[in-house]
$ cat my_file.cif   # mmCIF, C-alpha atoms
data_query
#
loop_
_atom_site.label_atom_id
_atom_site.label_comp_id
_atom_site.auth_asym_id
_atom_site.auth_seq_id
_atom_site.Cartn_x
_atom_site.Cartn_y
_atom_site.Cartn_z
CA MET A 212 -102.64 123.93 -9.21
CA GLY A 213 -99.83 121.93 -7.96
CA GLY A 214 -100.08 118.89 -5.77
CA LEU A 215 -100.11 119.07 -2.04
CA ARG A 216 -96.74 118.44 -0.41
CA ILE A 217 -96.28 117.83 3.29
CA ARG A 218 -92.97 118.82 4.69
CA GLY A 219 -91.67 117.44 7.96
CA PRO A 220 -88.61 115.89 9.57
CA ALA A 221 -86.92 113.02 7.75
CA PRO A 222 -87.36 109.53 9.24
CA GLU A 223 -84.60 108.52 11.64
CA ARG A 224 -82.23 105.84 10.32
CA LEU A 225 -80.97 103.11 12.65
CA PRO A 226 -77.20 102.38 12.70
CA LEU A 227 -76.05 99.14 11.08
CA SER A 228 -74.59 96.48 13.37
CA MET A 229 -72.93 93.12 12.42
CA SER A 230 -74.61 91.47 15.38
CA ALA A 231 -77.94 92.16 13.85
CA TYR A 232 -77.18 89.72 11.04
CA ARG A 233 -76.87 86.12 12.17
CA PRO A 234 -76.45 83.61 9.35
CA TYR A 235 -78.58 80.51 9.38
CA PRO A 236 -76.44 77.56 10.46
CA ALA A 237 -75.54 75.29 7.51
CA PRO A 238 -76.49 71.62 7.88
CA MET A 239 -73.58 69.17 8.75
CA LEU A 240 -72.67 66.90 5.81
CA ARG A 241 -71.67 63.34 6.65
CA PRO A 242 -69.42 61.27 4.33
CA ALA A 243 -71.29 58.74 2.29
CA GLN A 244 -70.95 55.23 3.73
CA PRO A 245 -69.83 52.65 1.16
CA ALA A 246 -72.28 49.93 0.52
CA GLY A 247 -71.29 46.49 1.87
CA PHE A 248 -70.02 43.72 -0.52
CA GLY A 249 -71.75 40.49 0.30
CA ILE A 250 -72.60 37.22 -1.29
CA GLU A 251 -75.48 38.79 -3.18
CA GLU A 252 -73.18 41.25 -4.93
CA PHE A 253 -70.67 38.47 -5.72
CA LEU A 254 -73.38 36.30 -7.25
CA ALA A 255 -74.61 39.28 -9.21
CA ILE A 256 -71.14 39.82 -10.68
CA LEU A 257 -70.89 36.14 -11.59
CA GLN A 258 -74.28 36.26 -13.20
CA LYS A 259 -73.33 39.35 -15.15
CA ARG A 260 -69.94 38.02 -16.30
CA ARG A 261 -70.86 34.37 -16.64
CA TRP A 262 -70.14 34.11 -20.36
CA LEU A 263 -66.75 35.77 -19.98
CA ILE A 264 -65.84 33.37 -17.17
CA VAL A 265 -66.95 30.37 -19.23
CA LYS A 266 -64.87 31.50 -22.22
CA VAL A 267 -61.74 32.06 -20.12
CA ALA A 268 -62.11 28.66 -18.41
CA ALA A 269 -62.59 26.94 -21.78
CA VAL A 270 -59.48 28.60 -23.23
CA VAL A 271 -57.38 27.60 -20.20
CA MET A 272 -58.58 23.98 -20.36
CA VAL A 273 -57.85 23.73 -24.08
CA ALA A 274 -54.39 25.25 -23.63
CA ALA A 275 -53.58 22.89 -20.74
CA THR A 276 -54.78 19.88 -22.75
CA LEU A 277 -52.69 20.84 -25.77
CA TYR A 278 -49.63 21.38 -23.59
CA ALA A 279 -50.08 18.01 -21.88
CA PHE A 280 -50.37 16.19 -25.21
CA SER A 281 -47.40 18.06 -26.65
CA GLN A 282 -45.08 16.88 -23.86
CA PRO A 283 -43.25 13.61 -24.53
CA SER A 284 -44.07 10.60 -22.39
CA ILE A 285 -41.45 9.63 -19.80
CA TYR A 286 -40.94 5.95 -18.97
CA SER A 287 -39.10 4.53 -15.97
CA ALA A 288 -37.38 1.18 -15.54
CA SER A 289 -35.72 -0.36 -12.48
CA ALA A 290 -33.15 -3.02 -11.73
CA VAL A 291 -32.26 -4.44 -8.32
CA VAL A 292 -28.75 -5.30 -7.20
CA LEU A 293 -28.06 -7.28 -4.02
CA LEU A 294 -24.98 -6.24 -2.10
CA ASP A 295 -22.70 -8.94 -0.70
CA GLY A 296 -21.73 -7.60 2.70
CA ARG A 297 -19.36 -10.47 3.40
CA LYS A 298 -15.66 -9.75 3.44
CA ASN A 299 -13.17 -11.79 1.45
CA THR A 300 -10.34 -12.54 3.89
CA VAL A 301 -7.53 -14.13 1.93
CA ALA A 302 -4.98 -14.12 4.74
CA ASP A 303 -7.13 -16.36 6.99
CA ALA A 304 -8.13 -19.61 5.30
CA SER A 305 -10.48 -20.55 8.14
CA ALA A 306 -12.55 -17.39 7.75
CA VAL A 307 -12.73 -16.69 4.04
CA LEU A 308 -16.31 -15.39 4.30
CA THR A 309 -17.11 -13.50 7.47
CA GLN A 310 -20.37 -12.08 8.70
CA LEU A 311 -22.00 -8.94 7.33
CA GLN A 312 -20.31 -5.70 8.12
CA PRO A 313 -21.74 -4.13 11.29
CA ASP A 314 -22.17 -0.59 9.89
CA LEU A 315 -24.63 -1.55 7.17
CA PRO A 316 -26.31 1.87 6.64
CA ALA A 317 -22.94 3.53 6.01
CA THR A 318 -22.00 0.73 3.61
CA ILE A 319 -25.27 1.17 1.69
CA GLN A 320 -24.71 4.90 1.40
CA ASN A 321 -21.20 4.33 0.09
CA GLN A 322 -22.50 1.97 -2.59
CA LEU A 323 -25.21 4.47 -3.57
CA GLN A 324 -22.52 7.08 -4.12
CA ILE A 325 -20.59 4.65 -6.32
CA ILE A 326 -23.67 3.78 -8.40
CA THR A 327 -24.47 7.44 -9.08
CA SER A 328 -20.83 8.49 -9.56
CA ARG A 329 -19.57 10.27 -12.64
CA ALA A 330 -16.98 7.57 -13.34
CA LEU A 331 -19.68 4.90 -13.57
CA ALA A 332 -21.85 7.23 -15.68
CA GLN A 333 -19.05 7.67 -18.21
CA LYS A 334 -18.73 3.89 -18.57
CA VAL A 335 -22.45 3.47 -19.25
CA ILE A 336 -22.49 6.41 -21.69
CA ALA A 337 -19.61 4.87 -23.64
CA GLU A 338 -21.19 1.39 -23.62
CA LEU A 339 -24.63 2.53 -24.83
CA GLY A 340 -23.36 5.28 -27.15
CA LEU A 341 -25.46 7.95 -25.46
CA ALA A 342 -23.11 10.68 -26.69
CA ASP A 343 -24.99 10.44 -30.03
CA ASP A 344 -28.43 10.52 -28.39
CA PRO A 345 -30.16 13.95 -28.56
CA GLU A 346 -32.10 13.13 -25.38
CA PHE A 347 -28.89 13.17 -23.37
CA ASN A 348 -26.56 15.27 -25.51
CA GLY A 349 -28.13 18.66 -26.10
CA SER A 350 -25.02 19.96 -27.83
CA LEU A 351 -25.41 17.74 -30.89
CA PRO A 352 -25.34 19.70 -34.17
CA PRO A 353 -28.53 19.90 -36.22
CA ALA A 354 -29.00 17.30 -38.92
CA GLY A 355 -29.70 17.85 -42.58
CA ILE A 356 -29.06 21.06 -44.50
CA ALA A 357 -29.14 23.17 -41.37
CA GLY A 358 -26.08 21.38 -40.02
CA ILE A 359 -23.85 21.65 -43.06
CA ALA A 360 -22.25 24.89 -41.88
CA ASP A 361 -21.93 23.65 -38.30
CA PRO A 362 -18.26 22.84 -37.48
CA ARG A 363 -19.40 20.00 -35.23
CA ASN A 364 -20.48 18.05 -38.32
CA TRP A 365 -17.06 18.33 -39.90
CA ASP A 366 -14.61 15.46 -39.77
CA GLY A 367 -12.25 15.63 -36.86
CA ALA A 368 -14.57 17.59 -34.61
CA VAL A 369 -13.86 16.53 -31.02
CA ALA A 370 -16.17 17.11 -28.08
CA THR A 371 -14.77 19.46 -25.48
CA SER A 372 -14.49 18.68 -21.81
CA ALA A 373 -17.34 21.09 -21.08
CA GLU A 374 -19.62 19.18 -23.48
CA ASN A 375 -18.62 15.89 -21.86
CA ASP A 376 -19.43 17.32 -18.44
CA LYS A 377 -22.86 18.43 -19.65
CA LEU A 378 -23.45 14.97 -21.10
CA VAL A 379 -22.59 13.32 -17.78
CA ASP A 380 -24.78 15.81 -15.89
CA ALA A 381 -27.73 15.05 -18.17
CA PHE A 382 -27.22 11.31 -17.70
CA ILE A 383 -27.07 11.60 -13.90
CA LYS A 384 -30.41 13.45 -13.93
CA HIS A 385 -31.98 10.39 -15.59
CA VAL A 386 -30.59 7.84 -13.11
CA TRP A 387 -31.09 7.44 -9.37
CA ALA A 388 -30.65 4.70 -6.75
CA ASP A 389 -32.53 3.96 -3.52
CA ALA A 390 -32.00 1.53 -0.68
CA ASN A 391 -34.75 -1.03 -0.06
CA GLY A 392 -35.47 -0.54 3.62
CA ASN A 393 -33.06 -2.32 5.95
CA SER A 394 -32.05 -4.94 3.39
CA THR A 395 -28.84 -5.05 1.39
CA ALA A 396 -30.72 -4.59 -1.90
CA ILE A 397 -30.49 -1.40 -3.94
CA THR A 398 -32.96 -0.42 -6.66
CA VAL A 399 -31.42 1.39 -9.62
CA SER A 400 -33.94 3.35 -11.73
CA ALA A 401 -33.66 5.23 -15.00
CA ASN A 402 -36.14 7.25 -17.04
CA SER A 403 -36.27 8.01 -20.74
CA ARG A 404 -38.68 8.84 -23.50
CA ASP A 405 -38.19 5.31 -24.81
CA PRO A 406 -39.18 2.46 -22.44
CA GLY A 407 -36.62 0.13 -23.99
CA LYS A 408 -33.87 2.68 -23.56
CA ALA A 409 -34.82 3.19 -19.91
CA ALA A 410 -34.52 -0.56 -19.28
CA ARG A 411 -31.16 -0.73 -21.07
CA ILE A 412 -29.79 2.14 -19.01
CA ALA A 413 -30.89 0.61 -15.69
CA ASN A 414 -29.40 -2.76 -16.59
CA ALA A 415 -26.20 -1.17 -17.89
CA VAL A 416 -25.72 0.78 -14.65
CA VAL A 417 -26.14 -2.38 -12.55
CA LYS A 418 -23.81 -4.31 -14.85
CA ALA A 419 -21.13 -1.62 -14.72
CA TYR A 420 -21.42 -1.48 -10.92
CA VAL A 421 -21.08 -5.26 -10.54
CA GLU A 422 -18.10 -5.35 -12.90
CA ASP A 423 -16.47 -2.52 -10.98
CA GLN A 424 -16.94 -4.34 -7.67
CA VAL A 425 -15.76 -7.68 -9.04
CA GLY A 426 -12.77 -6.04 -10.69
CA GLY A 427 -11.85 -4.31 -7.45
CA ARG A 428 -12.03 -7.57 -5.51
CA HIS A 429 -10.01 -9.41 -8.12
CA ALA A 430 -7.36 -6.71 -8.02
CA ALA A 431 -7.20 -6.85 -4.21
CA THR A 432 -7.05 -10.66 -4.27
CA SER A 433 -4.31 -10.64 -6.88
CA GLN A 434 -2.26 -8.17 -4.86
CA THR A 435 -2.70 -10.26 -1.71
CA THR A 436 -1.81 -13.48 -3.56
CA ASP A 437 1.30 -11.89 -5.04
CA TRP A 438 2.35 -10.68 -1.59
CA LEU A 439 1.79 -14.11 -0.03
CA GLN A 440 3.66 -15.86 -2.83
CA GLY A 441 6.58 -13.50 -2.39
CA ARG A 442 6.54 -14.08 1.36
CA VAL A 443 6.56 -17.86 0.89
CA ASN A 444 9.49 -17.61 -1.49
CA ASP A 445 11.42 -15.46 1.00
CA LEU A 446 10.78 -17.94 3.83
CA ALA A 447 11.76 -20.87 1.63
CA GLY A 448 15.01 -19.15 0.76
CA GLN A 449 15.73 -18.42 4.41
CA LEU A 450 15.03 -22.05 5.36
CA GLN A 451 17.32 -23.34 2.66
CA ALA A 452 20.08 -20.97 3.73
CA GLN A 453 19.73 -22.09 7.36
CA ASN A 454 19.87 -25.77 6.39
CA GLU A 455 22.99 -25.15 4.38
CA GLU A 456 24.56 -23.31 7.32
CA ILE A 457 23.72 -26.24 9.63
CA GLN A 458 25.32 -28.70 7.25
CA ARG A 459 28.47 -26.58 7.03
CA PHE A 460 28.61 -26.29 10.83
CA LYS A 461 28.34 -30.08 11.20
CA ALA A 462 31.04 -30.59 8.60
CA ARG A 463 33.42 -28.16 10.32
CA ASN A 464 32.93 -29.79 13.74
CA GLY A 465 32.80 -33.44 12.63
CA LEU A 466 29.22 -33.96 13.79
CA ALA A 467 27.06 -36.73 12.38
CA ASP A 468 23.29 -37.05 12.36
CA ALA A 469 22.05 -39.43 15.06
CA GLY A 470 18.98 -41.62 14.77
CA PRO A 471 15.63 -40.64 16.23
CA GLY A 472 16.03 -40.11 19.95
CA GLY A 473 19.78 -40.51 19.86
CA SER A 474 20.76 -36.86 20.14
CA LEU A 475 21.45 -35.20 23.47
CA VAL A 476 18.52 -32.87 23.06
CA ASP A 477 16.13 -35.76 22.48
CA GLN A 478 17.39 -37.55 25.58
CA GLN A 479 16.92 -34.42 27.68
CA MET A 480 13.35 -34.01 26.38
CA VAL A 481 12.53 -37.60 27.31
CA GLY A 482 13.81 -37.02 30.83
CA ILE A 483 11.80 -33.84 31.24
CA ASN A 484 8.63 -35.57 30.03
CA ASN A 485 9.18 -38.34 32.57
CA GLN A 486 9.55 -35.80 35.34
CA ILE A 487 6.32 -34.09 34.30
CA VAL A 488 4.44 -37.38 34.35
CA GLN A 489 5.81 -38.20 37.79
CA ALA A 490 4.90 -34.75 39.12
CA ARG A 491 1.31 -35.09 37.88
CA SER A 492 1.03 -38.49 39.46
CA ASP A 493 2.21 -37.15 42.78
CA LEU A 494 -0.24 -34.25 42.52
CA ASP A 495 -3.16 -36.61 41.86
CA GLN A 496 -2.25 -38.67 44.92
#
$ encode --input "my_file.cif" --output "structure tokens"
Amino acid sequence: MGGLRIRGPAPERLPLSMSAYRPYPAPMLRPAQPAGFGIEEFLAILQKRRWLIVKVAAVVMVAATLYAFSQPSIYSASAVVLLDGRKNTVADASAVLTQLQPDLPATIQNQLQIITSRALAQKVIAELGLADDPEFNGSLPPAGIAGIADPRNWDGAVATSAENDKLVDAFIKHVWADANGNSTAITVSANSRDPGKAARIANAVVKAYVEDQVGGRHAATSQTTDWLQGRVNDLAGQLQAQNEEIQRFKARNGLADAGPGGSLVDQQMVGINNQIVQARSDLDQ
């Protein structure tokens, strides 16, 4: 026998609606806040990298020490020159030496320019032979076997003007001059790798400056003396010519020299002096 089946109406289905399904709201995600960097974190980094920091510091100190010892020592030397601000006045014998020039700062600056001039530098370079010194002349050819093929080591090689200019520029970098306050003294300094060379350079600059100033004054004095001597000779010639003309005039007119006070002019001067004395006497009364 078969199973029992119950027949009846099918169950009613409800219509689907989108409003019936409401999704659960998702939670709001906030961006992660970065952690603060404070002194604790900094100390932690130092503690973690302490050996690396120590190694780097040690390498830097060793490199700096080696560099300092590898550099040549530089020595400085100074010489002081006292300016004579008095003026040599040859034309006025009563005022041969006058007072100091009023514009002293400008005079000091002018002398500083002369001391550090290229013309003076060339004189010192020639006197001390610094053109053959590698410290000042960087264009010198290498010595030994390396310099055999260099044309600058051949006979007849002449330094160019550009090399001479570089030599003078290098010398000027080693020399400087400063005024000593409000005085008329100037300190000339020079530096070099050799202390003796520095002293020789400073003294040579002062010597060349003094010789230049003395030579200039001697030249001016010689020119003035020559001019005065020529003027005296001209006046002497004019006086002699006038005396000769007077003698010829007397000879043409039959005039003879009278004794002192015997000429007409002398008699007139005596009369005028007597009148002056009388007038003063009357004025006093």
$ resolve_selection --input "my_file.cif" --expression "the PyMOL selection byres ((chain A and resi 386-402) around 6)" --output "MDAnalysis selection string"
chainID A and resid 286:294 383:385 403 409 413
$ residues_around --input "my_file.cif" --residues "range 377-379 of chain A" --least-positions-apart "3" --cutoff "9 Å" --atoms "all atoms listed in the file" --output "list in words"
Arg329, Ala332, Gln333, Ile336, Leu341, Ala342, Phe347, Asn348, Gly349, Ser350, Ser372, Ala373, Glu374, Phe382, Ile383 and Lys384 of chain A
$ atom_distance --input "my_file.cif" --atom1 "CA of Glu338 in chain A" --atom2 "CA of Gln282 in chain A"
28.5 Å
$ atom_distance --input "my_file.cif" --atom1 "CA of Val421 in chain A" --atom2 "CA of Ile326 in chain A"
9.6 Å
$ atom_distance --input "my_file.cif" --atom1 "CA of Ser433 in chain A" --atom2 "CA of Ala337 in chain A"
27.5 Å
$ decode --input "my_file.cif" --residues "range 430-445 of chain A" --atoms "all heavy atoms" --output "short mmCIF file (atom, residue, chain, number, x, y, z; two decimals), in the first residue's frame"
data_model
loop_
_atom_site.label_atom_id
_atom_site.label_comp_id
_atom_site.auth_asym_id
_atom_site.auth_seq_id
_atom_site.Cartn_x
_atom_site.Cartn_y
_atom_site.Cartn_z
N ALA A 430 115.76 112.48 -6.36
CA ALA A 430 115.47 112.93 -7.73
C ALA A 430 114.78 114.28 -7.73
O ALA A 430 115.13 115.18 -8.52
CB ALA A 430 114.62 111.88 -8.45
N ALA A 431 113.80 114.45 -6.81
CA ALA A 431 113.11 115.75 -6.74
C ALA A 431 114.07 116.85 -6.30
O ALA A 431 114.03 117.97 -6.84
CB ALA A 431 111.93 115.65 -5.77
N THR A 432 114.95 116.55 -5.33
CA THR A 432 115.90 117.55 -4.87
C THR A 432 116.89 117.91 -5.98
O THR A 432 117.25 119.09 -6.16
CB THR A 432 116.67 117.03 -3.65
OG1 THR A 432 115.73 116.69 -2.62
CG2 THR A 432 117.62 118.07 -3.11
N SER A 433 117.33 116.91 -6.72
CA SER A 433 118.27 117.19 -7.81
C SER A 433 117.62 118.06 -8.89
O SER A 433 118.25 119.00 -9.41
CB SER A 433 118.75 115.87 -8.42
OG SER A 433 119.44 115.10 -7.45
N GLN A 434 116.38 117.76 -9.21
CA GLN A 434 115.68 118.57 -10.20
C GLN A 434 115.52 120.02 -9.72
O GLN A 434 115.72 120.97 -10.48
CB GLN A 434 114.32 117.96 -10.51
CG GLN A 434 114.40 116.63 -11.23
CD GLN A 434 113.03 116.01 -11.45
OE1 GLN A 434 112.01 116.59 -11.05
NE2 GLN A 434 113.00 114.84 -12.07
N THR A 435 115.15 120.17 -8.43
CA THR A 435 114.99 121.51 -7.89
C THR A 435 116.32 122.26 -7.86
O THR A 435 116.40 123.45 -8.18
CB THR A 435 114.40 121.43 -6.47
OG1 THR A 435 113.18 120.68 -6.51
CG2 THR A 435 114.12 122.83 -5.93
N THR A 436 117.39 121.56 -7.47
CA THR A 436 118.71 122.19 -7.42
C THR A 436 119.17 122.62 -8.81
O THR A 436 119.72 123.72 -8.99
CB THR A 436 119.73 121.22 -6.80
OG1 THR A 436 119.29 120.84 -5.49
CG2 THR A 436 121.10 121.86 -6.70
N ASP A 437 118.93 121.75 -9.79
CA ASP A 437 119.30 122.10 -11.17
C ASP A 437 118.52 123.33 -11.65
O ASP A 437 119.08 124.22 -12.31
CB ASP A 437 119.06 120.92 -12.10
CG ASP A 437 119.96 119.74 -11.78
OD1 ASP A 437 121.01 119.96 -11.13
OD2 ASP A 437 119.62 118.61 -12.17
N TRP A 438 117.24 123.38 -11.29
CA TRP A 438 116.43 124.53 -11.71
C TRP A 438 116.93 125.81 -11.04
O TRP A 438 117.05 126.87 -11.69
CB TRP A 438 114.97 124.29 -11.35
CG TRP A 438 114.08 125.43 -11.71
CD1 TRP A 438 113.53 125.70 -12.92
CD2 TRP A 438 113.66 126.49 -10.83
NE1 TRP A 438 112.78 126.85 -12.88
CE2 TRP A 438 112.85 127.37 -11.60
CE3 TRP A 438 113.89 126.79 -9.49
CZ2 TRP A 438 112.26 128.50 -11.06
CZ3 TRP A 438 113.31 127.92 -8.96
CH2 TRP A 438 112.51 128.77 -9.74
N LEU A 439 117.23 125.73 -9.73
CA LEU A 439 117.72 126.91 -9.02
C LEU A 439 119.07 127.36 -9.56
O LEU A 439 119.33 128.57 -9.72
CB LEU A 439 117.82 126.62 -7.52
CG LEU A 439 116.50 126.44 -6.77
CD1 LEU A 439 116.77 126.06 -5.32
CD2 LEU A 439 115.68 127.73 -6.82
N GLN A 440 119.95 126.41 -9.85
CA GLN A 440 121.26 126.77 -10.38
C GLN A 440 121.12 127.44 -11.75
O GLN A 440 121.81 128.43 -12.04
CB GLN A 440 122.13 125.51 -10.50
CG GLN A 440 123.56 125.79 -10.90
CD GLN A 440 124.31 126.61 -9.85
OE1 GLN A 440 124.11 126.41 -8.65
NE2 GLN A 440 125.15 127.54 -10.30
N GLY A 441 120.23 126.92 -12.56
CA GLY A 441 119.99 127.56 -13.85
C GLY A 441 119.41 128.96 -13.70
O GLY A 441 119.78 129.88 -14.45
N ARG A 442 118.51 129.12 -12.72
CA ARG A 442 117.94 130.44 -12.49
C ARG A 442 118.98 131.43 -12.01
O ARG A 442 119.00 132.60 -12.44
CB ARG A 442 116.81 130.33 -11.45
CG ARG A 442 116.05 131.61 -11.19
CD ARG A 442 115.40 132.14 -12.45
NE ARG A 442 114.63 133.34 -12.18
CZ ARG A 442 114.17 134.15 -13.13
NH1 ARG A 442 114.41 133.87 -14.42
NH2 ARG A 442 113.48 135.22 -12.81
N VAL A 443 119.86 131.00 -11.13
CA VAL A 443 120.94 131.88 -10.64
C VAL A 443 121.85 132.28 -11.79
O VAL A 443 122.27 133.46 -11.90
CB VAL A 443 121.72 131.16 -9.52
CG1 VAL A 443 123.00 131.94 -9.19
CG2 VAL A 443 120.86 131.02 -8.28
N ASN A 444 122.18 131.34 -12.64
CA ASN A 444 123.04 131.67 -13.79
C ASN A 444 122.37 132.68 -14.72
O ASN A 444 123.01 133.60 -15.24
CB ASN A 444 123.39 130.40 -14.55
CG ASN A 444 124.26 129.45 -13.74
OD1 ASN A 444 124.98 129.88 -12.83
ND2 ASN A 444 124.19 128.17 -14.04
N ASP A 445 121.06 132.52 -14.94
CA ASP A 445 120.34 133.47 -15.79
C ASP A 445 120.35 134.87 -15.18
O ASP A 445 120.58 135.88 -15.88
CB ASP A 445 118.90 133.00 -16.00
CG ASP A 445 118.84 131.73 -16.82
OD1 ASP A 445 119.83 131.43 -17.51
OD2 ASP A 445 117.80 131.02 -16.75
#
